[in-house]
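Novice: One structure, pasted below without further comment.
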Amino acid sequence: MRSFTLIFIALISVSISSGLSTIFSAQTLPSDCLPTATQNRFVYDLADLLSDSEEASLQGELLRFKDTTSNVIVVITHPDFCGYESSVFAIEAGDQLGVGRSDLDNGIVLVIKPRNETGSGKIFISIGEGLEGAIPDILTGRIVERMIPELKAGNWKAGISVGISDLSELASGE
């Protein structure tokens, strides 16, 4: 009887843990939601908010940041986040694009969805665990607040530059 009870408990434990892992497993964004990751590409303007020269300017700034700190910031503009919440989209996009070094978890993903027919504008900053000490959630909220006036005015590059500048300054010491 005792061995039957132990087997029963073991089966329930396996069943519960596999159920929980399904519930808490990471979501994967559909393949058509993001472009293929490209080495040393840090700006993915899928919402087409930036001119080619603005995108190139931001790209150069983010490459210099990576080269001097080893930390990585990626900016993604997207028209609708494929229906996902901004936080889920940012985290999963960072994982799928391989943002930051895996041994340091030092990636930052800044996502922007402009206001359009699919709804209101959204901004989210996802910070890798290796940078959470330098950039806690309260500071990401303040950075977003500083970006909003430029973004609302349609000055996409200026708003993104505010975010990049603030994030770079905070992450440089880590």
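The way I read the labels, and the way they are meant: chains A, B, ... in the order of the structure tokens, residue 1 as the first residue of every chain, and ligand 1 as the first ligand shown, with later ones counted on from there.
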If we count only C-alpha atoms, what is near segment 53-66 of chain A at a cut-off of 6 Å, once residues fewer than 5 positions away on the same chain are taken out, given as an NGL selection string?

Specialist: :A and (42-43 or 71-72)

Novice: Any chance you could export the current selection's C-alpha atoms as a tab-separated table (two decimals), in the first residue's frame?

Specialist:
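For reference, part-v7.tsv as written:
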```tsv
chain	number	residue	atom	x	y	z
A	42	PHE	CA	20.23	47.29	-33.33
A	43	VAL	CA	17.30	49.10	-34.98
A	71	ASN	CA	25.97	45.96	-23.26
A	72	VAL	CA	23.39	45.94	-26.06
```

Novice: Quick one: residues within 10 Å of Asn116 of chain A, only C-alpha atoms counted, chain neighbours fewer than 3 positions away excluded, as a PyMOL selection string?

Specialist: chain A and resi 79-80+113+119-121

Novice: If you count only C-alpha atoms, which residues fall within 9 Å of segment 101-112 of chain A, apart from same-chain ones fewer than 4 positions away, as a PyMOL selection string?

Specialist: chain A and resi 47+70-79+81+86-87+89-91+93-94+121-132+160+163-164+167+171+174

Novice: Which is closer to Ala158 of chain A than all the others in A:Leu49, A:Leu34, A:Leu29, A:Ile135, using only C-alpha atoms?

Specialist: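 So, comparing all the options, the nearest one is A:Leu49.
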
Novice: Using only C-alpha atoms, find the one residue out of A:Ser161, A:Thr28, A:Thr69, A:Ser51 that sits nearest to Leu97 of chain A.

Specialist: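 Closest residue, counting only C-alpha atoms: A:Thr28.
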
Novice: Write out as number ranges by chain all residues of segment 68-157 of chain A that DSSP puts in strand (DSSP E or B) for this structure's backbone.

Specialist: A: 72-77, 107-113, 116, 119, 122-127

Novice: Keeping only C-alpha atoms, write those residues as a short mmCIF file (atom, residue, chain, number, x, y, z; two decimals), in the first residue's frame.

Specialist:
```
data_model
loop_
_atom_site.label_atom_id
_atom_site.label_comp_id
_atom_site.auth_asym_id
_atom_site.auth_seq_id
_atom_site.Cartn_x
_atom_site.Cartn_y
_atom_site.Cartn_z
CA VAL A 72 23.39 45.94 -26.06
CA ILE A 73 20.36 48.12 -26.72
CA VAL A 74 17.94 47.15 -29.47
CA VAL A 75 15.10 49.39 -30.64
CA ILE A 76 12.06 47.84 -32.30
CA THR A 77 9.16 49.84 -33.69
CA GLY A 107 20.51 43.24 -23.26
CA ILE A 108 17.97 46.03 -23.34
CA VAL A 109 14.99 46.06 -25.69
CA LEU A 110 13.06 49.28 -26.31
CA VAL A 111 9.79 48.69 -28.17
CA ILE A 112 7.49 51.35 -29.58
CA LYS A 113 4.05 50.98 -31.11
CA ASN A 116 -2.77 54.02 -35.12
CA GLY A 119 -5.07 51.44 -30.84
CA LYS A 122 2.75 51.94 -26.38
CA ILE A 123 6.35 51.97 -25.18
CA PHE A 124 8.09 49.34 -23.11
CA ILE A 125 11.68 48.85 -22.02
CA SER A 126 12.80 45.32 -21.18
CA ILE A 127 16.00 45.08 -19.14
#
```

Novice: Identify which of the residues A:Cys82, A:Asn155, A:Thr68, A:Arg115 lies closest to Ser168 of chain A, counting only C-alpha atoms when measuring atom-to-atom distances.

Specialist: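 Answer, going by the shortest atom-to-atom distance: A:Thr68.
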
Novice: Could you pull out all residues of segment 1-149 of chain A with a DSSP call of alpha helix (DSSP H) and give them as a ChimeraX atom specification?

Specialist: /A:2-24,52-69,86-97,137-149
